[in-house]
Structures are given as structure tokens and as C-alpha cells.
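Q: Here it is: the structure, laid out below.
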Amino acid sequence: MSSKTNKPRMRSAAWRVSFLATIAFACGTLVIFVFLHQFVSSDIQRRTDAWLSGEVEVLGDVAARTPKNALYRRVVGEVAELAAREVPNKSNSADNSSDSVFFLQTSAQPQQSQLWVGAGNGKSNLEAIRRTSFQPDTPTDVSVSGFPVPFRVACLQMADGSRIYLGVSERDDLRVLRRLRLRFFLLWLLVVFLGFGIVFLVTRRMLSHVRRITEAASRIGHSDLSERVPATRRNDEVSQLAQTLNGMLDRIESAMHQLHTITDALAHDLRSPLTAIRGKLEMSLSRTENEEHTEPIVSAIEELDQLTDFLNKSLDVAEARADALRLTRTRIDLSRLMETMVDLYEPSMAERGIRIRVSSEGGVTLDGDEGLIHRMIANLLDNELKHLAPGSSVSITLQCRDEMAIVTLEDNGGGFEPEILEHLFVGRVKGRTSKGHGLGLAFVDAVAQAHGGTVEAANREGRGARISVSLPSLPKTAHHQATVATQVG
Amino acid sequence: MRLLLVEDEADIQAFLQRSLEETGYEVEVAPDARTAEQLAGTGPFDILIVDLGLPDRDGISLILRLRELGMRAPVLILSARRSVDDRVRGLEQGGDDYLTKPFALAELLARLRNLLRRNSPLQGEPTRLRVHDLELDLLRREALRGGQVLQLTQQEFVLLEYLCRNAGRVVTRSMILDKVWGMRFVPDTNVVDVHIYRLRGKVDGAGQYPLIKTMRGVGYVLKDK
């Protein structure tokens, strides 16, 4: 049962842990990549700028030295084309060079194209350059209409007032960066998914150890302490938890064993003399006919029986409080048991003028210690019998809800005294007018707990008290669904 | 009837021996398991009373040992423990019985009788019981007092039948609870007494000889004059 309820919770914990870990990891790597990307792109630009500055210098030098004759165009054009082949970050396809680099020489005022080397006629380039103001020695971004990617353009002022422009398309740079981003993204996805998987598997494995420990711990019943939680051979936190639990169980088991030894010894040492005394009293009783002489013997026997009863109850409650009641479990038909008990108590109730009404669901069965359940129900009924005033009534219901058999006793008597209501199930608590030992309800609580159940007691609104005992029940058989209601008294 | 009493407490041993001998048993006493084993070899016993807490050995293992040696007699186990241990329960299913200390002598005797009856070949179950002018028809579940039919509930009939079967012998409250309601403990309140009063009111009418008597401190007895 426990494994059924624990599994989904554990699994969701594994999901949660791996999800959070993955998010943290993914965000972290993303931030690192953004920095890296920034660094790479600025480095690429720096290298492009350095190349541009160098080349434009060379071209300026060539242009200045070359005489302005018919060959000037050819010489400077050749040099510019040569330079275009050495563009950094250039992609492999050779024909790209034709439109990725341009060289432009303009006259001083007004700016007119004197020499153009590059794809097309260079008109749109010239227009874009006219719109842009250039700093000497600092290449600048220029967007040219007709080109989706801006050009990086370096400018050099010649001695004769003309200007030389060398531009390189940023297309290749951007392509490098795009490829970098794509590769990073794919790798990032792979690593994140892999990381999630690994974290999930590891967490789940770890949590499954914890789950096994929880299952084993919940199996270790109230009276059976021999079982231990499974310990792994690895020396991690989980196996330390298991070892600690097992150590604790060892100590509890030995303490429990000691308690049993003590109560057994105590029981034995008190019972033997009680048996002998009772036997002797009974023998002398059988030999005495005279009423005057038998009376003290009879009352001695009765007091002895009360003492025995008190001894039994005290030991039971003590053991039960320590979770050490020894259960001999059998299948009990609680509906029939209640019927029998009510049958036993009904005359006494009627004698005291108490009405008793029973409403019982048929076929409620549970796995429990019959003797203890008998005594538990008897204690509850004794309690009513002792405390209810004549003319009161008790209503007993037995029903089965959510795999729990629930016995409820409701009366219309005086209810519990408020000051004892809180400590009702603690041994030796009793009302001022109570004649009992104050062990009755403590025993009821102990038996219910030993069976994995609970007891609730409260004063009813208006008048009277309600005690409700819930015990884990066995599944019902189909033909027992009918509700049986009986009126007695 | 030859009875072997295995009990180490001298006090208990003494009063048990005396009352058992008064009841008519021929009693042999063993204070420990070793003596018990030796005595068992001296001849057949009809019944045994064995205390679980023996000085030299556990009572259960003594019983098992005696069974191994071929002893067939039923055993009444005396136990100082409240809760009945599974091994005792096992023996109980095997036809033996147990009693927790302290016990009423009447109950011990009743259980011995029961064990002996169970062990002896069945002599045809009677269909009618008769005590004085009280008559029980066990087949028709009907009780008559002086020829008059008594209006008894099912439970009252079972109770009266139990008293009649033990006519002349004292039955304790715990015996009644065990036989009639299947409970092996006595509640705090006088629930059994009230049942007996009610039954007495129906069985012993005005002017009739009172058959059901209360033995204070012990229990009840249904007795002819």
C-alpha cells in the first residue's frame, strides 16, 4: 500500500530536481555563450578593421606613387583586386570576392567617382559614402542599398584632396558568427538534454533508495521490529541514512525486548503469589458453611480479582504506550463481534435505564487481535454503562469508509469534563466522579494504535459525548453490502 | 483419573494438589521438567497440568518432548503471561487448553473435565437435559419448568444449557463469557450477573425451588436440592 502512494511523489521529486538543475545549467551556459559571442564578434571586427586600415594604407601609398597617367587606373585597380583576395574570414567560394570587397577613389569636391573596383557600377556605394561621415583611421559601418549586409569601410585622405575608400562586406563575418551560434545552439541542446537525463536518472536512483527505505520503515510494524531497512554498499548519504535508521531500530528493539522481559517478569512475580492466595482462599471458602465466616473470604477474593484486573490493565496500557502490544492477528467479523457485544451489554444497559441503539453495516471485517478488540469494545461499553445517567441513550454505529472500519458511540449524557477532554487517552486520567482506574480509554487508544487506527473523542454540540474508533478494515465481499439496522432496548 | 501436575511454585502446587485430590484425581507432582519426564515413564496419565515457567525448561518444549515419547493425554497449560503466545495457541488447536494465572479453581476443574470429555470416546450426545423439574429440549431449543414452556431468547437458552450441562458444578463468570459469548476476559461491569438475574427471573418463578444459585466470589451453580 505504501509503495503505491509514495512512488508518484518520489518520481515528481526526481523530475523537479532534474528540471531545476537543468534550468540552472542551461541559463549558466547561455550567459557564458553570450559573453563568448560578444568577445568573438568584437575580435573579428578588430581583425577586419586592422586589415582594412593596413590595406587602405597600402592602396593610398600605391595611388600616391603611381603617376596619374593612363596606367594609373590599371595599376591601382590590380592592387585593389589583389588585396580583395586576402580578405580575412573569407568563405571558400571564389566568386564571392567580386562583391564582398570594393575600392573607390573619389575626387575632392564635389565627391565624384574617379576609380571603382568592385561589383556593379558603384553608384549606390558612392551615395552611401556621401551620406556617411568618416573618422580618419577608424573604419565605419556603411549600409549600401541593394546589399542586405552593411560594409565596413576605411577611408584615406590623399594629399591631392581625393579620397580612397576600401570597403569589405560584413557578410563573411556575420556568417562566421551565425555558424558559431548555430553550432553552439545544437551542442547546447544536446548537453542540456543529456544533462537532464543524467541528473534525472541519478536522482531517481537515489530517491528510489530513499523510497525503499521509507517502504521498509513503514513495514516495520508496531510490534514487529525485526525487519531492517535496506542499506547499499556505497558509503553515501543515503546509505548513511539507512545505517542510522537501522542502528536506531536495533536500539528500539533491544529496549522493547527489555520492556517485554520486565513486564513478563513483573507479571510472573505478581501472578504466582496471587494464584496461590486465590487458591487458598477458594479452598477455605469451600470448607466453610457459616455465612459469617465466608463473607470476609468472598470479599478478599473479589478484591484480589480487582487487583489482578488492575495489574493486567496497567501492564497492557504500559506495553501499548510503548507500542509493544503483542498482537495475534486473525480475520475478525467486526459486525458480528459488535452484535455479540451489544447482546452482552444490553441487559445491563436496560437495567440502568439506558437505551441502546445499533446501526451496523454488515460484513465489516478486519485483521486484528480478537481478544484485544473484544476488550476495546467492552471498555467503550463499560465506559457508557458507568457514566450515563438513567434515561440516557447510546447510539452505536459501525460503518466502513475508505478502507477504515469506524465504530462510533454517541450518547446524550453529561459529556466529558472539559479539563480531562484533552488528556483523555493518557492513562490514569478520569473524571472526578469516576470510580475506575482511568485506564479504560487509554487502553482503547492503545489497542486502536496497535492496529494502525485512531480514536477521537469529543463532546457533542448540545449534550453528550462522541467517541469514534477507526481501524483499518479488510476489503468487503460483495454480498455483504447491505446495511443492517437494529433497535434494541 | 491419574493426573500429572508440573508446577514449580510450592504454594500453588500445594493447594492445587489438595483440591485436585479432593475432587477425586490421583495426583503426581513434578516441580521441574526433568522430574516430569521421569514420572511420565512410570505409567499412563489421563491428563496433565503444565506450568509454562519451569525452572529448568520451557513448558512448551516439555509438552512437545512428552508427546515425542508417546504421551497422548491432553494438557492444561498454566501461563503467567497475559497474552497468549502463538505456540500455546498451536497446542490449543491440537486439543490442549490453557489458563492464565491467577485462575478460579472452579474454572481449572471445568477445563480439566472438558479436556477429559473431549478425549474420551463420544457417548451419544443427549438430546434432553433434566435438572429437578427443569427440562431442556436441545433439538427444539425449548426449555420447560414444571411442564411450562419458558420464553427464553436464543442467548438465554445457550446460557441455561451451559448451566444445565454443568449442573451441580460451579461455573465462573469467565467460563460463561467464554462459552456463551466467546470472550476470554471479564469486563469491569457486572454484565454477566445481569444476564443471570434475568434468566433466574424466568427460570425460578415465584414459589418454585430456586435452581440457579450465586456462589459469591466464585460464580454460579445450577443445583438440584
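Ligands are numbered from 1 in the order shown, chains are lettered A, B, ... in the order of the C-alpha cells, and residues start at 1 in each chain.
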Taking a cut-off of 6 Å and counting only C-alpha atoms, can you build a table that, for each residue of chain B near chain A, reports the nearest atom pair and how far apart they are in Å (one decimal), sorted by chain then residue number, as a Markdown table?
A:
| residue | atom | partner | partner_atom | distance |
| --- | --- | --- | --- | --- |
| B:Asp11 | CA | A:Ala276 | CA | 5.6 |
| B:Ile12 | CA | A:Ala276 | CA | 4.7 |
| B:Ala80 | CA | A:His268 | CA | 5.1 |
| B:Lys101 | CA | A:Arg271 | CA | 5.9 |
| B:Pro102 | CA | A:Thr275 | CA | 4.2 |
| B:Val191 | CA | A:Ser348 | CA | 5.6 |
| B:Val194 | CA | A:Ser348 | CA | 5.7 |
| B:Gly217 | CA | A:Val298 | CA | 4.8 |
Q: If you keep C-alpha atoms, can you produce a file of those selected residues as a CSV table (one decimal), in the first residue's frame?
A:
chain,number,residue,atom,x,y,z
B,11,ASP,CA,2.3,-22.7,47.2
B,12,ILE,CA,0.4,-23.2,44.0
B,80,ALA,CA,1.6,-16.3,33.9
B,101,LYS,CA,-2.8,-17.1,36.3
B,102,PRO,CA,-4.5,-16.3,38.6
B,191,VAL,CA,-22.8,-7.7,32.6
B,194,VAL,CA,-27.4,-9.1,34.9
B,217,GLY,CA,-16.5,-14.8,44.9
Q: When DSSP is applied to the backbone of this structure, which of range 22-202 of chain B are assigned alpha helix (DSSP H)? Write them out as a PyMOL selection string.
A: chain B and resi 22-23+33-40+59-68+86-93+105-119+154-165+173-181+191-202
Q: Residues as selected, C-alpha atoms, written as a short mmCIF file (atom, residue, chain, number, x, y, z; two decimals), in the first residue's frame, can you do that?
A:
data_model
loop_
_atom_site.label_atom_id
_atom_site.label_comp_id
_atom_site.auth_asym_id
_atom_site.auth_seq_id
_atom_site.Cartn_x
_atom_site.Cartn_y
_atom_site.Cartn_z
CA GLU B 22 -10.43 -33.74 46.96
CA THR B 23 -12.12 -33.69 43.56
CA ALA B 33 10.67 -30.70 33.60
CA ARG B 34 13.26 -33.38 34.40
CA THR B 35 11.13 -34.95 37.13
CA ALA B 36 8.08 -34.67 34.88
CA GLU B 37 9.84 -36.66 32.17
CA GLN B 38 10.84 -39.35 34.66
CA LEU B 39 7.31 -39.56 36.10
CA ALA B 40 5.81 -39.77 32.62
CA GLY B 59 6.80 -25.75 29.47
CA ILE B 60 6.04 -25.94 25.75
CA SER B 61 9.20 -27.84 24.93
CA LEU B 62 8.44 -30.22 27.80
CA ILE B 63 4.99 -30.92 26.32
CA LEU B 64 6.49 -31.47 22.87
CA ARG B 65 9.13 -33.78 24.36
CA LEU B 66 6.49 -35.81 26.22
CA ARG B 67 4.44 -36.07 23.01
CA GLU B 68 7.55 -37.39 21.27
CA ASP B 86 1.47 -18.38 19.29
CA ARG B 87 2.99 -21.68 20.35
CA VAL B 88 0.37 -22.06 23.09
CA ARG B 89 -2.28 -21.26 20.52
CA GLY B 90 -0.82 -24.02 18.36
CA LEU B 91 -1.13 -26.51 21.19
CA GLU B 92 -4.65 -25.30 21.89
CA GLN B 93 -5.58 -26.16 18.33
CA LEU B 105 -10.29 -23.26 40.96
CA ALA B 106 -13.75 -23.94 39.56
CA GLU B 107 -12.54 -22.91 36.15
CA LEU B 108 -9.49 -25.13 36.33
CA LEU B 109 -11.69 -28.10 37.25
CA ALA B 110 -14.17 -27.29 34.49
CA ARG B 111 -11.41 -27.12 31.90
CA LEU B 112 -9.95 -30.41 33.08
CA ARG B 113 -13.39 -32.06 32.78
CA ASN B 114 -13.75 -30.57 29.34
CA LEU B 115 -10.41 -31.91 28.19
CA LEU B 116 -11.18 -35.37 29.54
CA ARG B 117 -14.60 -35.42 27.87
CA ARG B 118 -13.08 -34.31 24.59
CA ASN B 119 -10.51 -37.06 24.83
CA GLN B 154 -31.56 -17.56 21.95
CA GLN B 155 -28.73 -16.31 24.19
CA GLU B 156 -30.62 -17.16 27.39
CA PHE B 157 -31.18 -20.69 26.15
CA VAL B 158 -27.46 -21.13 25.44
CA LEU B 159 -26.67 -19.82 28.92
CA LEU B 160 -29.19 -22.10 30.59
CA GLU B 161 -27.95 -25.06 28.57
CA TYR B 162 -24.41 -24.38 29.74
CA LEU B 163 -25.54 -24.20 33.38
CA CYS B 164 -27.55 -27.43 32.99
CA ARG B 165 -24.67 -29.32 31.40
CA ARG B 173 -18.11 -15.58 35.03
CA SER B 174 -15.12 -16.01 32.76
CA MET B 175 -16.29 -19.55 31.86
CA ILE B 176 -19.74 -18.19 30.99
CA LEU B 177 -18.25 -15.37 28.91
CA ASP B 178 -16.04 -17.84 27.09
CA LYS B 179 -18.77 -20.39 26.35
CA VAL B 180 -21.71 -18.13 25.61
CA TRP B 181 -20.08 -15.02 24.12
CA VAL B 191 -22.77 -7.67 32.62
CA VAL B 192 -22.84 -11.43 33.26
CA ASP B 193 -24.63 -11.04 36.56
CA VAL B 194 -27.42 -9.09 34.88
CA HIS B 195 -27.88 -11.89 32.34
CA ILE B 196 -28.07 -14.40 35.19
CA TYR B 197 -30.62 -12.26 37.10
CA ARG B 198 -32.77 -12.08 34.01
CA LEU B 199 -32.50 -15.79 33.40
CA ARG B 200 -33.24 -16.50 37.03
CA GLY B 201 -36.34 -14.33 36.81
CA LYS B 202 -37.62 -16.55 34.00
#
Q: Just want the 7 Å neighbourhood of Gly219 in chain B, counted on only C-alpha atoms, with same-chain residues fewer than 6 positions away dropped. Output as an mmCIF file with C-alpha atoms, in the first residue's frame.
A:
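part-v2.cif written:
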data_model
loop_
_atom_site.group_PDB
_atom_site.id
_atom_site.type_symbol
_atom_site.label_atom_id
_atom_site.label_comp_id
_atom_site.auth_asym_id
_atom_site.auth_seq_id
_atom_site.Cartn_x
_atom_site.Cartn_y
_atom_site.Cartn_z
ATOM 1 C CA VAL B 170 -19.734 -24.091 39.876
ATOM 2 C CA VAL B 171 -19.181 -22.092 36.702
ATOM 3 C CA THR B 172 -17.286 -18.803 36.860
ATOM 4 C CA ARG B 173 -18.107 -15.580 35.029
#
Q: Could you pull the residues within 9 Å of Glu135 in chain B, counting only C-alpha atoms, minus those fewer than 6 positions along the same chain, as number ranges by chain?
A: B: 128-129, 142-147
Q: I need the residues from that last selection saved to file as a PDB file, in the first residue's frame (with C-alpha atoms), if you can.
A:
ATOM      1  CA  ARG B 128     -32.643 -33.674  26.527  1.00  0.00           C
ATOM      2  CA  LEU B 129     -31.237 -32.319  29.779  1.00  0.00           C
ATOM      3  CA  GLU B 142     -37.046 -25.317  24.180  1.00  0.00           C
ATOM      4  CA  ALA B 143     -36.928 -25.091  27.974  1.00  0.00           C
ATOM      5  CA  LEU B 144     -39.721 -26.227  30.317  1.00  0.00           C
ATOM      6  CA  ARG B 145     -40.062 -25.649  34.019  1.00  0.00           C
ATOM      7  CA  GLY B 146     -42.663 -27.901  35.667  1.00  0.00           C
ATOM      8  CA  GLY B 147     -44.150 -28.563  32.250  1.00  0.00           C
TER       9      GLY B 147
END
Q: Just the residues within 8 Å of range 23-38 of chain A, please, counting only C-alpha atoms, with nothing from its chain fewer than 3 positions along; format it as JSON, numbers by chain.
A: {"A": [19, 20, 41, 42, 177, 181, 184, 188, 192]}
Q: If you count only C-alpha atoms, which residues fall within 8 Å of Arg169 in chain B, apart from same-chain ones fewer than 5 positions away, as number ranges by chain?
A: B: 106, 221-223
Q: Take the residues from that selection and put them in a file with N, CA and C atoms, as a JSON list (two decimals), in the first residue's frame.
A:
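Now in out.json:
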[["chain", "number", "residue", "atom", "x", "y", "z"],
["B", 106, "ALA", "N", -12.60, -23.37, 40.27],
["B", 106, "ALA", "CA", -13.75, -23.94, 39.56],
["B", 106, "ALA", "C", -13.47, -24.00, 38.06],
["B", 221, "VAL", "N", -24.01, -21.63, 40.18],
["B", 221, "VAL", "CA", -24.21, -23.06, 40.06],
["B", 221, "VAL", "C", -25.71, -23.32, 39.89],
["B", 222, "LEU", "N", -26.01, -24.26, 39.00],
["B", 222, "LEU", "CA", -27.39, -24.69, 38.85],
["B", 222, "LEU", "C", -27.48, -26.02, 39.57],
["B", 223, "LYS", "N", -28.32, -26.06, 40.60],
["B", 223, "LYS", "CA", -28.24, -27.19, 41.52],
["B", 223, "LYS", "C", -29.63, -27.68, 41.90]]
Q: Write out as a list of chain:residue names which residues come within 7 Å of range 133-141 of chain A when counting only C-alpha atoms, dropping same-chain ones fewer than 6 positions away.
A: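 With the cut-off at 7 Å, the set is A:Asp49, A:Ser53, A:Pro150, A:Phe151, A:Arg152, A:Val153, A:Ala154, A:Cys155, A:Leu156.
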